[in-house]
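Peer 1: Got a structure for you, questions after.
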Amino acid sequence: TGPFEREIFILKVDENGLITSTNKEESIPIKNAIITPNPGKDYLQLHTGIFPAALQMFDINGKLILEEEINQNSTTIHTQSLSSGTYIWQLLKDGQVVETDKWVKE
């Protein structure tokens with residue numbers, strides 16, 4: 001609480017940098033995949049420890065506009081052909097959704 005007091009927060013991550021546990025009881029959402037940069041423009045980069053898998057991206061109306069096979073822990077996907085806006089993405093492993101989030105194209 002004072003100006004020189006700091007809290008230490010320990011995160012345990014796997015070899016792909018994904019959080020596996022923490023040193024506190026606080027709830028931290030653990031992600032199976034993340035997309036950077038967000039917002040982005042000409043490309044996005046998917047980081048995940050779950051592969052092989054499939055990335056699906058939907059427009060705001062729910063129309064599937066992009067599908068990409070994921071075979072490594074870091075995949076770059078070019079997005080120049082997409083219009084500016086908000087997109088919903090999901091990562092599927094064996095037909096099951098393992099992560100979902102939104103991505104904004106500037």
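Simple scheme: letters A, B, ... for chains in structure tokens order, numbers from 1 for residues in each chain, numbers from 1 for ligands in the order shown.
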Show me, as a PyMOL selection string, the residues that have an atom within 9 Å of region 97-102 of chain A when counting only C-alpha atoms, minus same-chain residues fewer than 6 positions from it.

Peer 2: chain A and resi 31-35+38+50+57+86-91

Peer 1: Save the residues we just selected, all heavy atoms, as a compact mmCIF listing (two decimals), in the first residue's frame?

Peer 2:
```
# COMPACT_ATOMS: atom_id res chain seq x y z
N LYS A 31 -5.59 -18.92 -21.24
CA LYS A 31 -5.89 -18.99 -22.66
C LYS A 31 -5.16 -20.16 -23.30
O LYS A 31 -4.02 -20.44 -22.99
CB LYS A 31 -5.46 -17.70 -23.36
CG LYS A 31 -6.15 -16.46 -22.88
CD LYS A 31 -7.52 -16.41 -23.45
CE LYS A 31 -8.20 -15.09 -23.18
NZ LYS A 31 -9.48 -15.01 -23.80
N ASN A 32 -5.86 -20.84 -24.19
CA ASN A 32 -5.24 -21.89 -24.99
C ASN A 32 -4.62 -21.34 -26.26
O ASN A 32 -3.85 -22.01 -26.91
CB ASN A 32 -6.28 -22.96 -25.35
CG ASN A 32 -6.67 -23.78 -24.15
OD1 ASN A 32 -5.83 -24.30 -23.44
ND2 ASN A 32 -7.97 -23.88 -23.91
N ALA A 33 -4.99 -20.10 -26.61
CA ALA A 33 -4.47 -19.45 -27.80
C ALA A 33 -4.67 -17.95 -27.68
O ALA A 33 -5.63 -17.50 -27.05
CB ALA A 33 -5.18 -19.97 -29.04
N ILE A 34 -3.77 -17.18 -28.30
CA ILE A 34 -3.94 -15.73 -28.38
C ILE A 34 -3.58 -15.29 -29.79
O ILE A 34 -2.81 -15.94 -30.50
CB ILE A 34 -3.08 -14.98 -27.35
CG1 ILE A 34 -1.60 -15.31 -27.51
CG2 ILE A 34 -3.54 -15.25 -25.95
CD1 ILE A 34 -0.68 -14.43 -26.69
N ILE A 35 -4.17 -14.17 -30.19
CA ILE A 35 -3.88 -13.57 -31.49
C ILE A 35 -3.29 -12.19 -31.24
O ILE A 35 -3.84 -11.39 -30.48
CB ILE A 35 -5.14 -13.50 -32.36
CG1 ILE A 35 -5.47 -14.89 -32.90
CG2 ILE A 35 -4.95 -12.50 -33.50
CD1 ILE A 35 -6.63 -14.95 -33.85
N ASN A 38 -3.50 -7.05 -31.76
CA ASN A 38 -4.94 -6.84 -31.67
C ASN A 38 -5.19 -5.48 -31.03
O ASN A 38 -4.96 -5.32 -29.83
CB ASN A 38 -5.59 -7.94 -30.84
CG ASN A 38 -7.10 -7.96 -30.99
OD1 ASN A 38 -7.67 -7.20 -31.75
ND2 ASN A 38 -7.74 -8.84 -30.25
N ILE A 50 -1.80 -25.81 -28.93
CA ILE A 50 -2.74 -26.84 -29.39
C ILE A 50 -2.68 -26.92 -30.91
O ILE A 50 -3.13 -26.01 -31.61
CB ILE A 50 -4.17 -26.50 -28.91
CG1 ILE A 50 -4.19 -26.50 -27.40
CG2 ILE A 50 -5.18 -27.47 -29.50
CD1 ILE A 50 -5.49 -26.06 -26.79
N MET A 57 -12.54 -17.85 -38.58
CA MET A 57 -12.84 -16.46 -38.28
C MET A 57 -14.18 -16.10 -38.91
O MET A 57 -14.43 -16.43 -40.07
CB MET A 57 -11.74 -15.55 -38.80
CG MET A 57 -11.91 -14.12 -38.34
SD MET A 57 -10.44 -13.12 -38.57
CE MET A 57 -9.34 -13.85 -37.38
N THR A 86 -14.68 -5.78 -36.62
CA THR A 86 -14.47 -6.74 -35.54
C THR A 86 -14.82 -8.13 -36.03
O THR A 86 -15.86 -8.33 -36.67
CB THR A 86 -15.35 -6.37 -34.33
OG1 THR A 86 -14.99 -5.05 -33.89
CG2 THR A 86 -15.15 -7.35 -33.19
N TYR A 87 -13.98 -9.09 -35.71
CA TYR A 87 -14.16 -10.47 -36.12
C TYR A 87 -14.13 -11.37 -34.89
O TYR A 87 -13.41 -11.09 -33.93
CB TYR A 87 -13.07 -10.90 -37.10
CG TYR A 87 -13.13 -10.14 -38.40
CD1 TYR A 87 -12.48 -8.93 -38.56
CD2 TYR A 87 -13.88 -10.63 -39.47
CE1 TYR A 87 -12.56 -8.22 -39.75
CE2 TYR A 87 -13.97 -9.93 -40.66
CZ TYR A 87 -13.30 -8.73 -40.79
OH TYR A 87 -13.39 -8.03 -41.97
N ILE A 88 -14.88 -12.44 -34.94
CA ILE A 88 -14.86 -13.46 -33.89
C ILE A 88 -14.07 -14.64 -34.43
O ILE A 88 -14.31 -15.09 -35.55
CB ILE A 88 -16.30 -13.91 -33.52
CG1 ILE A 88 -17.16 -12.71 -33.14
CG2 ILE A 88 -16.26 -14.97 -32.41
CD1 ILE A 88 -16.68 -11.91 -31.95
N TRP A 89 -13.13 -15.14 -33.62
CA TRP A 89 -12.37 -16.31 -34.06
C TRP A 89 -12.53 -17.43 -33.05
O TRP A 89 -12.83 -17.20 -31.89
CB TRP A 89 -10.89 -15.97 -34.28
CG TRP A 89 -10.15 -15.49 -33.06
CD1 TRP A 89 -9.99 -14.21 -32.66
CD2 TRP A 89 -9.49 -16.30 -32.08
NE1 TRP A 89 -9.25 -14.15 -31.51
CE2 TRP A 89 -8.93 -15.44 -31.13
CE3 TRP A 89 -9.31 -17.67 -31.92
CZ2 TRP A 89 -8.21 -15.89 -30.04
CZ3 TRP A 89 -8.58 -18.13 -30.83
CH2 TRP A 89 -8.04 -17.24 -29.90
N GLN A 90 -12.35 -18.64 -33.57
CA GLN A 90 -12.35 -19.79 -32.68
C GLN A 90 -11.30 -20.78 -33.16
O GLN A 90 -11.04 -20.90 -34.35
CB GLN A 90 -13.72 -20.44 -32.58
CG GLN A 90 -14.30 -20.97 -33.86
CD GLN A 90 -15.73 -21.49 -33.68
OE1 GLN A 90 -16.41 -21.14 -32.75
NE2 GLN A 90 -16.14 -22.33 -34.59
N LEU A 91 -10.70 -21.46 -32.20
CA LEU A 91 -9.73 -22.51 -32.47
C LEU A 91 -10.38 -23.83 -32.16
O LEU A 91 -10.93 -24.01 -31.08
CB LEU A 91 -8.47 -22.32 -31.61
CG LEU A 91 -7.33 -23.28 -31.89
CD1 LEU A 91 -6.72 -23.02 -33.26
CD2 LEU A 91 -6.26 -23.16 -30.82
```

Peer 1: Compile the contact shell of Glu106 (chain A) as a list in words: residues with an atom at most 8 Å away, counting only C-alpha atoms, same-chain residues fewer than 3 positions apart removed.

Peer 2: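 Residues near the query, excluding close chain neighbours: Pro39, Gly40, Lys41, Ser84 and Gly85 of chain A.
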
Peer 1: Enter the distance from CA of Thr76 (chain A) to CA of Leu18 (chain A), in Å, rounded to one decimal.

Peer 2: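 Pair CA of Thr76 (chain A) / CA of Leu18 (chain A) returns 17.9 Å.
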
Peer 1: Can you list, as a PyMOL selection string, all residues belonging to chain A that DSSP tags as strand (DSSP E or B)?

Peer 2: chain A and resi 11-13+19-22+33-36+40+43-48+53-58+64-70+74-78+85-93+96-105

Peer 1: So the first atom is CA of Gly17 (chain A) and the second is CA of Ser74 (chain A); what is the distance between them in Å, to one decimal place?

Peer 2: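 Interatomic distance here is 11.2 Å.
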
Peer 1: Identify which of the residues A:Ser81, A:Lys105, A:Ala53, A:Ile30 lies closest to Leu11 (chain A), counting only C-alpha atoms when measuring atom-to-atom distances.

Peer 2: A:Ile30

Peer 1: Figure out the distance between CA of Glu15 (chain A) and CA of Gln72 (chain A), please, to one decimal in Å.

Peer 2: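 Value for the CA of Gln72 (chain A)-CA of Glu15 (chain A) distance: 12.9 Å.
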
Peer 1: Rank nothing, just name the residue among A:Ile10, A:Val104, A:Leu44, A:Leu92 nearest to Gln56 (chain A), using only C-alpha atoms.

Peer 2: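 Comparing A:Ile10, A:Val104, A:Leu44, A:Leu92 against Gln56 (chain A), the winner is A:Leu92.
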
Peer 1: Using only C-alpha atoms for the distances, tell me which of A:Ser83, A:Thr36, A:Thr48, A:Ser21 is nearest to Ile60 (chain A).

Peer 2: A:Ser83

Peer 1: Restricting the calculation to only C-alpha atoms, which member of A:Trp103, A:Asn73, A:Asp94, A:His78 is positioned closest to Ala54 (chain A)?

Peer 2: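 Using only C-alpha atoms, Ala54 (chain A) sits closest to A:Asp94.
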